[in-house]
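Let me begin by presenting the structure, written as structure tokens, before commenting on it.
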Amino acid sequence: MNRILNARLRGRPGLFSIAWADGRITAVQPQADTLPLPPGADDVLDAGGHLVIPPFVEPHIHLDAALTAGEPNWNLSGTLFEGIERWAERKALVTPADTKDRAHRSIRMLAEHGIQHVRSHVDVTEPGLGTLQAMLEVREEARDLVDLQIVAFPQEGIESFANGRALMSEAVAMGADVVGGIPHFENTRDQGVSSLHFLMDLAERHGRLVDVHCDETDDPNSRFLEVLAEIARVKGMGAQVTASHTTAMGSYDNAYCFKLFRLLKQAGLNFISCPTESIHLQGRFDSYPKRRGLTRVPELDRAGLNVCFAQDSIVDPWYPLGNGNILRILDAGLHICHMLGYDDLQRALDFVTDHGARALALGERYGIEVGRPANLLLLSADSDYDLLRTQGQALVSVRHGRVIMRRRVGDVLWG
Ligand code: FE2
């Protein structure tokens, strides 16, 4: 296939034809009217007036823990803390071959739902870094399906874990694309602050992106976001820095947030919310009323900051569900964040496409424009609103000009 007819593009009126050659888009042309499919043309796809968009982006997932729920024991309480206990049991059984097998199966689930760009955190609080090495191999082996960014993620801390700094430096030397962190998990506030200075310096020295698990708690006194934002502002690195989760912001008071937002706008960093994971894991110390445990997604968005949604988990000790479908996350996120207003529904896909691409700094590697990679999806609806309303899906996924996935949607048979 080298051409799509009768495509609808987001934010542009009318129908379009899109052509490509040698893996790159060569033309995006408006059509005056609906065009018939040329007879016998195997290389042309009729979009039928449905949306054609660049691929979905999964900006925050843990592929090294995916598909382990219930092995050997299930997390019966559903809490973060029992999840850590269950993961410790499973982690003792992890081998590089096991990591690679689960990661590849999970990537297939993501690709099956139209995702072609993925950022995965990988636990580097492991002497020897065998899991990281396995995931770096997966990054190369999975190139036909996805572009994979690997985050050096210090699950058990940088300052409060033995040789934490050395492991982070080693992970970057081995080829991790992104430097991670977990300041709210360090033993003390001072360690949390110094971990942020360390990881930002490390990223700056090596020209890496940054993605920090930041304030993933309901504790309103967890305020590492302001530290991360200030370091990013001073270094001028905001566009390369992402704050994931920031769920404590859902518990900050408005007076503090007013001041915080001024800094966030100056710093210009990116935000990732994992709504299904956070609604499941946060609020666990509340009786009623229970907090939702999410960051302030609409407020960040209205302030002009870049926010996107992510899955975080697929069937792991912290979250037992998930099938790779980011549209399920978008649906849940819009509900939980009070974002079902008409204006939000009109542009809902921004949160799983362009905003994710910006967080991953994809630049000119993303988007339906001449000269960019021929990576695109045909969806089952003609607008963001209708895709959500009908719980639609990606029907065709084209990567570097080649069809990598087609979905046949079943018919409804009455009576
Ligand atoms: Fe995470």
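Chain labels follow the order of the structure tokens: the first chain is A, the next B, and so on; residue numbering restarts at 1 in every chain, and ligands are counted from 1 in their shown order.
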
*Do you know which residues are within 7 Å of ligand 1 using only C-alpha atoms and all ligand atoms? Can you write them as a ChimeraX atom specification?*
/A:60-62,213,312

Can you list every residue of range 130-166 of chain A that has an atom at most 10 Å from range 80-101 of chain A, with its nearest atom pair and the distance in Å to one decimal, using only C-alpha atoms, ordered by chain then number, as a tab-separated table?
```
residue	atom	partner	partner_atom	distance
A:Gly130	CA	A:Pro96	CA	6.3
A:Thr131	CA	A:Pro96	CA	5.8
A:Leu132	CA	A:Pro96	CA	8.8
A:Gln133	CA	A:Pro96	CA	8.0
A:Ala134	CA	A:Pro96	CA	5.4
A:Met135	CA	A:Lys100	CA	6.6
A:Leu136	CA	A:Lys100	CA	9.6
A:Glu137	CA	A:Lys100	CA	8.2
A:Val138	CA	A:Lys100	CA	6.3
A:Arg139	CA	A:Lys100	CA	9.9
A:Glu141	CA	A:Lys100	CA	9.8
```

*Determine, counting only C-alpha atoms, which protein, DNA and RNA residues have an atom within 12 Å of an atom of Arg223 in chain A; residues of the same chain fewer than 2 positions away are not included. Present the result as a ChimeraX atom specification.*
/A:183-184,189-190,192-193,214-221,225-230,246-253,256-257,260

May I have the residues within 6 Å of Pro373 in chain A as a PDB file with all heavy atoms, in the first residue's frame, using only C-alpha atoms and disregarding those fewer than 2 positions away in the same chain?
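Once written, out06.pdb looks like this:
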```
ATOM      1  N   GLY A  23       8.862   4.827   2.739  1.00  0.00           N
ATOM      2  CA  GLY A  23       8.640   5.007   4.173  1.00  0.00           C
ATOM      3  C   GLY A  23       8.367   6.426   4.606  1.00  0.00           C
ATOM      4  O   GLY A  23       8.222   6.695   5.797  1.00  0.00           O
ATOM      5  N   ARG A  24       8.289   7.372   3.632  1.00  0.00           N
ATOM      6  CA  ARG A  24       8.047   8.774   4.007  1.00  0.00           C
ATOM      7  C   ARG A  24       6.840   9.318   3.262  1.00  0.00           C
ATOM      8  O   ARG A  24       6.575   8.941   2.117  1.00  0.00           O
ATOM      9  CB  ARG A  24       9.260   9.653   3.686  1.00  0.00           C
ATOM     10  CG  ARG A  24      10.473   9.231   4.467  1.00  0.00           C
ATOM     11  CD  ARG A  24      11.304  10.416   4.939  1.00  0.00           C
ATOM     12  NE  ARG A  24      12.221   9.957   5.967  1.00  0.00           N
ATOM     13  CZ  ARG A  24      12.191  10.357   7.233  1.00  0.00           C
ATOM     14  NH1 ARG A  24      11.326  11.258   7.623  1.00  0.00           N
ATOM     15  NH2 ARG A  24      13.037   9.875   8.111  1.00  0.00           N
ATOM     16  N   ASN A 375       3.935   6.981   9.143  1.00  0.00           N
ATOM     17  CA  ASN A 375       3.362   6.264  10.272  1.00  0.00           C
ATOM     18  C   ASN A 375       1.972   6.848  10.500  1.00  0.00           C
ATOM     19  O   ASN A 375       1.849   8.027  10.834  1.00  0.00           O
ATOM     20  CB  ASN A 375       4.187   6.484  11.546  1.00  0.00           C
ATOM     21  CG  ASN A 375       5.613   5.982  11.408  1.00  0.00           C
ATOM     22  OD1 ASN A 375       5.889   5.115  10.580  1.00  0.00           O
ATOM     23  ND2 ASN A 375       6.509   6.521  12.207  1.00  0.00           N
ATOM     24  N   HIS A 400       6.214   3.176   8.704  1.00  0.00           N
ATOM     25  CA  HIS A 400       7.233   3.320   7.661  1.00  0.00           C
ATOM     26  C   HIS A 400       6.692   2.835   6.311  1.00  0.00           C
ATOM     27  O   HIS A 400       7.399   2.159   5.543  1.00  0.00           O
ATOM     28  CB  HIS A 400       8.516   2.588   8.042  1.00  0.00           C
ATOM     29  CG  HIS A 400       9.124   3.096   9.329  1.00  0.00           C
ATOM     30  ND1 HIS A 400       9.270   4.443   9.610  1.00  0.00           N
ATOM     31  CD2 HIS A 400       9.572   2.440  10.424  1.00  0.00           C
ATOM     32  CE1 HIS A 400       9.808   4.594  10.805  1.00  0.00           C
ATOM     33  NE2 HIS A 400       9.991   3.404  11.337  1.00  0.00           N
TER      34      HIS A 400
END
```

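Reported to one decimal place, the separation of CA of Ala47 in chain A from CA of Ile404 in chain A is 16.4 Å.
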
*asked:* Among range 89-322 of chain A, which residues does DSSP mark as alpha helix (DSSP H) when it is run on the backbone? Keep the chain and numbering as in the structure and answer as a PyMOL selection string.
replied: chain A and resi 89-91+96-112+130-141+164-174+189-206+224-235+254-267+275-281+297-302

Take the residues that were just selected and, keeping C-alpha atoms, output them as a compact mmCIF listing (two decimals), in the first residue's frame.
```txt
# COMPACT_ATOMS: atom_id res chain seq x y z
CA GLU A 89 8.09 -12.22 45.10
CA ARG A 90 7.92 -12.08 41.30
CA LYS A 91 11.17 -10.13 40.95
CA PRO A 96 16.39 -11.68 31.03
CA ALA A 97 14.54 -14.18 28.81
CA ASP A 98 11.37 -13.80 30.91
CA THR A 99 11.64 -9.98 30.75
CA LYS A 100 12.06 -10.02 26.98
CA ASP A 101 9.20 -12.45 26.42
CA ARG A 102 6.74 -10.37 28.47
CA ALA A 103 7.93 -7.07 26.98
CA HIS A 104 7.52 -8.35 23.41
CA ARG A 105 4.04 -9.71 24.16
CA SER A 106 3.06 -6.36 25.73
CA ILE A 107 4.45 -4.37 22.78
CA ARG A 108 2.30 -6.50 20.49
CA MET A 109 -0.74 -5.58 22.59
CA LEU A 110 0.18 -1.89 22.28
CA ALA A 111 0.78 -2.13 18.52
CA GLU A 112 -2.52 -3.98 18.13
CA GLY A 130 20.40 -7.51 33.60
CA THR A 131 16.81 -6.31 33.13
CA LEU A 132 17.98 -3.06 31.59
CA GLN A 133 20.24 -4.95 29.17
CA ALA A 134 17.30 -7.17 28.19
CA MET A 135 15.07 -4.14 27.57
CA LEU A 136 17.76 -2.40 25.49
CA GLU A 137 17.76 -5.51 23.29
CA VAL A 138 13.95 -5.38 23.09
CA ARG A 139 14.24 -1.74 21.93
CA GLU A 140 16.15 -2.94 18.85
CA GLU A 141 14.19 -6.16 18.27
CA GLY A 164 21.99 4.13 43.52
CA ARG A 165 23.98 6.92 41.86
CA ALA A 166 26.46 4.49 40.27
CA LEU A 167 23.62 2.34 38.89
CA MET A 168 21.95 5.38 37.33
CA SER A 169 25.21 6.50 35.71
CA GLU A 170 25.88 2.97 34.46
CA ALA A 171 22.34 2.76 33.01
CA VAL A 172 22.90 5.95 31.04
CA ALA A 173 26.30 4.69 29.83
CA MET A 174 24.62 1.47 28.64
CA ARG A 189 13.08 15.10 51.95
CA ASP A 190 16.76 16.09 51.70
CA GLN A 191 17.51 12.88 49.79
CA GLY A 192 14.57 13.56 47.49
CA VAL A 193 15.92 17.03 46.68
CA SER A 194 19.49 15.85 46.17
CA SER A 195 18.27 12.99 43.93
CA LEU A 196 16.65 15.56 41.64
CA HIS A 197 19.83 17.65 41.42
CA PHE A 198 21.82 14.48 40.68
CA LEU A 199 19.52 13.17 37.97
CA MET A 200 19.09 16.54 36.25
CA ASP A 201 22.88 17.02 36.17
CA LEU A 202 23.28 13.49 34.79
CA ALA A 203 20.72 14.14 32.03
CA GLU A 204 22.27 17.52 31.17
CA ARG A 205 25.79 16.06 30.96
CA HIS A 206 24.72 13.24 28.65
CA PHE A 224 9.18 17.72 44.80
CA LEU A 225 7.50 19.05 41.67
CA GLU A 226 8.49 22.60 42.61
CA VAL A 227 12.10 21.47 43.00
CA LEU A 228 12.13 19.66 39.65
CA ALA A 229 10.48 22.63 37.92
CA GLU A 230 12.91 25.12 39.39
CA ILE A 231 15.97 23.08 38.35
CA ALA A 232 14.47 22.72 34.86
CA ARG A 233 13.80 26.47 34.70
CA VAL A 234 17.33 27.40 35.76
CA LYS A 235 18.90 24.93 33.33
CA ASN A 254 -5.43 26.23 45.88
CA ALA A 255 -3.27 29.01 47.37
CA TYR A 256 -0.13 26.86 47.00
CA CYS A 257 -1.16 25.76 43.49
CA PHE A 258 -1.61 29.37 42.43
CA LYS A 259 2.03 30.05 43.22
CA LEU A 260 3.20 26.67 41.87
CA PHE A 261 1.55 27.19 38.48
CA ARG A 262 3.49 30.41 37.95
CA LEU A 263 6.71 28.40 38.24
CA LEU A 264 5.39 25.52 36.12
CA LYS A 265 4.62 27.92 33.27
CA GLN A 266 8.08 29.47 33.52
CA ALA A 267 9.71 26.03 33.50
CA PRO A 275 -5.73 7.94 35.41
CA THR A 276 -6.73 4.28 35.77
CA GLU A 277 -3.65 3.45 37.83
CA SER A 278 -3.99 6.53 40.06
CA ILE A 279 -7.72 6.18 40.74
CA HIS A 280 -6.96 2.56 41.70
CA LEU A 281 -3.91 3.13 43.92
CA VAL A 297 -5.14 17.65 34.38
CA PRO A 298 -7.64 20.27 33.10
CA GLU A 299 -6.01 23.06 35.09
CA LEU A 300 -2.55 22.21 33.71
CA ASP A 301 -4.02 22.02 30.22
CA ARG A 302 -5.83 25.36 30.55
```

_Leu327 in chain A surroundings by only C-alpha atoms, 10 Å radius, close-in-sequence under 3 positions cut, as a ChimeraX atom specification_ = /A:56,113-114,309-311,324,330-333,348-349,351-352,387-388,391-394

Which residues come within 10 Å of Leu360 in chain A, counting only C-alpha atoms, excluding same-chain residues fewer than 3 positions away, as a short mmCIF file (atom, residue, chain, number, x, y, z; two decimals) with all heavy atoms, in the first residue's frame?
```cif
data_model
loop_
_atom_site.label_atom_id
_atom_site.label_comp_id
_atom_site.auth_asym_id
_atom_site.auth_seq_id
_atom_site.Cartn_x
_atom_site.Cartn_y
_atom_site.Cartn_z
N VAL A 57 0.39 7.39 21.11
CA VAL A 57 1.65 7.41 21.87
C VAL A 57 1.37 6.87 23.27
O VAL A 57 0.41 7.28 23.91
CB VAL A 57 2.19 8.86 21.98
CG1 VAL A 57 3.46 8.89 22.83
CG2 VAL A 57 2.46 9.44 20.59
N GLU A 58 2.19 5.93 23.70
CA GLU A 58 2.11 5.45 25.09
C GLU A 58 3.33 6.02 25.83
O GLU A 58 4.43 5.49 25.73
CB GLU A 58 2.12 3.92 25.14
CG GLU A 58 2.26 3.34 26.54
CD GLU A 58 1.30 3.98 27.53
OE1 GLU A 58 0.10 3.80 27.39
OE2 GLU A 58 1.76 4.72 28.46
N PRO A 59 3.15 7.12 26.58
CA PRO A 59 4.32 7.81 27.13
C PRO A 59 4.79 7.32 28.50
O PRO A 59 5.83 7.79 28.98
CB PRO A 59 3.81 9.26 27.24
CG PRO A 59 2.35 9.12 27.51
CD PRO A 59 1.90 7.88 26.79
N HIS A 60 4.04 6.40 29.12
CA HIS A 60 4.47 5.95 30.46
C HIS A 60 3.94 4.55 30.73
O HIS A 60 2.75 4.35 30.98
CB HIS A 60 3.96 6.93 31.53
CG HIS A 60 4.46 6.61 32.91
ND1 HIS A 60 5.13 7.54 33.71
CD2 HIS A 60 4.42 5.48 33.66
CE1 HIS A 60 5.45 6.99 34.86
NE2 HIS A 60 5.03 5.74 34.86
N HIS A 117 4.67 4.60 19.40
CA HIS A 117 5.72 5.28 20.16
C HIS A 117 5.49 4.99 21.64
O HIS A 117 4.40 5.24 22.16
CB HIS A 117 5.68 6.79 19.91
CG HIS A 117 5.86 7.14 18.46
ND1 HIS A 117 7.10 7.21 17.87
CD2 HIS A 117 4.96 7.41 17.49
CE1 HIS A 117 6.95 7.52 16.59
NE2 HIS A 117 5.66 7.65 16.33
N VAL A 118 6.52 4.47 22.30
CA VAL A 118 6.38 3.98 23.67
C VAL A 118 7.55 4.48 24.51
O VAL A 118 8.70 4.44 24.06
CB VAL A 118 6.36 2.43 23.71
CG1 VAL A 118 6.20 1.92 25.13
CG2 VAL A 118 5.27 1.87 22.80
N ARG A 119 7.25 4.94 25.72
CA ARG A 119 8.31 5.19 26.71
C ARG A 119 8.09 4.24 27.87
O ARG A 119 7.06 4.29 28.53
CB ARG A 119 8.28 6.65 27.19
CG ARG A 119 9.29 6.93 28.30
CD ARG A 119 9.23 8.37 28.78
NE ARG A 119 9.89 9.26 27.84
CZ ARG A 119 9.95 10.60 28.00
NH1 ARG A 119 9.41 11.16 29.07
NH2 ARG A 119 10.57 11.35 27.10
N GLN A 149 11.44 4.24 23.87
CA GLN A 149 12.38 4.99 24.74
C GLN A 149 12.48 4.25 26.07
O GLN A 149 11.46 3.89 26.65
CB GLN A 149 11.88 6.41 24.99
CG GLN A 149 11.93 7.33 23.79
CD GLN A 149 11.52 8.76 24.13
OE1 GLN A 149 11.15 9.07 25.27
NE2 GLN A 149 11.56 9.63 23.14
N VAL A 178 16.41 8.01 28.67
CA VAL A 178 15.77 8.97 29.58
C VAL A 178 16.24 8.68 31.00
O VAL A 178 16.40 7.53 31.39
CB VAL A 178 14.23 8.85 29.50
CG1 VAL A 178 13.55 9.95 30.31
CG2 VAL A 178 13.73 8.84 28.06
N LEU A 209 16.84 12.96 27.94
CA LEU A 209 15.56 13.45 28.44
C LEU A 209 15.41 13.04 29.90
O LEU A 209 16.17 12.21 30.41
CB LEU A 209 14.41 12.87 27.60
CG LEU A 209 14.46 13.18 26.10
CD1 LEU A 209 13.45 12.33 25.34
CD2 LEU A 209 14.21 14.66 25.86
N VAL A 210 14.41 13.63 30.55
CA VAL A 210 14.16 13.33 31.98
C VAL A 210 12.68 13.00 32.15
O VAL A 210 11.82 13.66 31.57
CB VAL A 210 14.50 14.56 32.86
CG1 VAL A 210 14.06 14.34 34.31
CG2 VAL A 210 16.00 14.86 32.80
N ASP A 211 12.39 11.96 32.93
CA ASP A 211 10.99 11.64 33.29
C ASP A 211 10.98 11.10 34.71
O ASP A 211 11.42 9.97 34.96
CB ASP A 211 10.41 10.62 32.30
CG ASP A 211 8.90 10.50 32.44
OD1 ASP A 211 8.38 10.70 33.56
OD2 ASP A 211 8.24 10.17 31.43
N ALA A 239 11.50 21.70 28.24
CA ALA A 239 10.90 20.91 27.15
C ALA A 239 11.38 19.47 27.16
O ALA A 239 10.71 18.58 26.64
CB ALA A 239 11.23 21.56 25.80
N GLN A 240 12.54 19.23 27.77
CA GLN A 240 13.09 17.87 27.81
C GLN A 240 12.70 17.12 29.09
O GLN A 240 13.09 15.98 29.29
CB GLN A 240 14.63 17.90 27.72
CG GLN A 240 15.18 18.34 26.38
CD GLN A 240 15.28 19.85 26.27
OE1 GLN A 240 15.78 20.52 27.15
NE2 GLN A 240 14.77 20.40 25.18
N VAL A 241 11.95 17.78 29.97
CA VAL A 241 11.66 17.20 31.29
C VAL A 241 10.17 16.90 31.43
O VAL A 241 9.33 17.71 31.05
CB VAL A 241 12.09 18.17 32.41
CG1 VAL A 241 11.68 17.65 33.78
CG2 VAL A 241 13.60 18.40 32.36
N THR A 242 9.88 15.71 31.98
CA THR A 242 8.48 15.32 32.23
C THR A 242 8.31 14.97 33.70
O THR A 242 9.15 14.27 34.28
CB THR A 242 8.11 14.10 31.37
OG1 THR A 242 8.15 14.48 30.00
CG2 THR A 242 6.73 13.58 31.72
N ASN A 270 6.69 18.99 30.92
CA ASN A 270 5.58 18.17 30.46
C ASN A 270 5.01 17.36 31.62
O ASN A 270 5.73 17.04 32.58
CB ASN A 270 6.05 17.19 29.38
CG ASN A 270 6.72 17.88 28.23
OD1 ASN A 270 6.07 18.45 27.37
ND2 ASN A 270 8.06 17.86 28.20
N ASP A 354 -0.70 14.03 20.00
CA ASP A 354 0.26 15.13 19.91
C ASP A 354 0.92 15.47 21.26
O ASP A 354 2.11 15.78 21.31
CB ASP A 354 -0.41 16.39 19.36
CG ASP A 354 -0.86 16.21 17.91
OD1 ASP A 354 -0.43 15.23 17.29
OD2 ASP A 354 -1.63 17.04 17.42
N HIS A 355 0.13 15.44 22.33
CA HIS A 355 0.71 15.80 23.63
C HIS A 355 1.74 14.76 24.08
O HIS A 355 2.78 15.10 24.65
CB HIS A 355 -0.39 15.93 24.68
CG HIS A 355 -1.30 17.11 24.46
ND1 HIS A 355 -2.17 17.58 25.41
CD2 HIS A 355 -1.47 17.92 23.39
CE1 HIS A 355 -2.84 18.63 24.93
NE2 HIS A 355 -2.43 18.85 23.70
N GLY A 356 1.43 13.49 23.82
CA GLY A 356 2.39 12.44 24.15
C GLY A 356 3.65 12.57 23.31
O GLY A 356 4.77 12.39 23.79
N ALA A 357 3.45 12.89 22.02
CA ALA A 357 4.60 13.04 21.11
C ALA A 357 5.50 14.19 21.58
O ALA A 357 6.73 14.10 21.50
CB ALA A 357 4.11 13.30 19.69
N GLY A 363 9.35 15.51 17.87
CA GLY A 363 9.65 16.54 16.87
C GLY A 363 9.16 16.15 15.49
O GLY A 363 8.00 15.76 15.31
#
```

*Name the residues in contact with Gly48 in chain A at a cut-off of 8 Å, using only C-alpha atoms, excluding same-chain residues fewer than 3 positions from it; report them as a list in words.*
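Residues near the query, excluding close chain neighbours: Leu5, Asn6 and Ala7 of chain A.
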
Could you give me, as a compact mmCIF listing (two decimals) with C-alpha atoms, in the first residue's frame, each residue of range 145-371 of chain A that DSSP assigns to strand (DSSP E or B) when run on this structure's backbone?
```
# COMPACT_ATOMS: atom_id res chain seq x y z
CA ASP A 147 9.92 3.25 18.66
CA LEU A 148 10.81 2.53 22.28
CA GLN A 149 12.38 4.99 24.74
CA ILE A 150 13.93 3.40 27.82
CA VAL A 151 13.90 5.27 31.13
CA ALA A 152 16.51 4.41 33.77
CA PHE A 153 14.02 4.18 36.63
CA VAL A 178 15.77 8.97 29.58
CA VAL A 179 16.83 9.62 33.19
CA GLY A 180 14.19 8.79 35.81
CA GLY A 181 13.70 9.42 39.51
CA LEU A 209 15.56 13.45 28.44
CA VAL A 210 14.16 13.33 31.98
CA ASP A 211 10.99 11.64 33.29
CA VAL A 212 10.52 11.60 37.05
CA HIS A 213 7.89 9.67 39.04
CA CYS A 214 7.12 12.80 41.04
CA VAL A 241 11.66 17.20 31.29
CA THR A 242 8.48 15.32 32.23
CA ALA A 243 6.83 15.05 35.64
CA SER A 244 4.85 11.81 35.78
CA HIS A 245 1.89 11.27 38.11
CA ASN A 270 5.58 18.17 30.46
CA PHE A 271 3.07 16.20 32.55
CA ILE A 272 1.83 12.63 32.33
CA SER A 273 -1.23 11.38 34.16
CA ASN A 306 1.59 19.94 27.99
CA VAL A 307 -0.37 17.09 29.60
CA CYS A 308 -0.96 13.58 28.27
CA PHE A 309 -2.50 10.31 29.44
CA ASP A 312 1.38 2.80 33.43
CA ASP A 316 1.07 -6.34 36.91
CA TYR A 319 -2.92 -3.01 38.39
```

*Identify which of the residues A:Pro289, A:Pro127, A:Leu67, A:Ser17 lies closest to Val52 in chain A, counting only C-alpha atoms when measuring atom-to-atom distances.*
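Looking at the shortest contact to Val52 in chain A, the residue is A:Ser17.
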
_Among listed residues A:Gly175, A:Gly415, A:Pro54, A:Gly238, nearest Glu369 in chain A (using only C-alpha atoms)_ = A:Pro54

_Just to confirm, what's the straight-line distance from CA of Val315 in chain A to CA of Pro72 in chain A in Å (one decimal)?_
13.2 Å
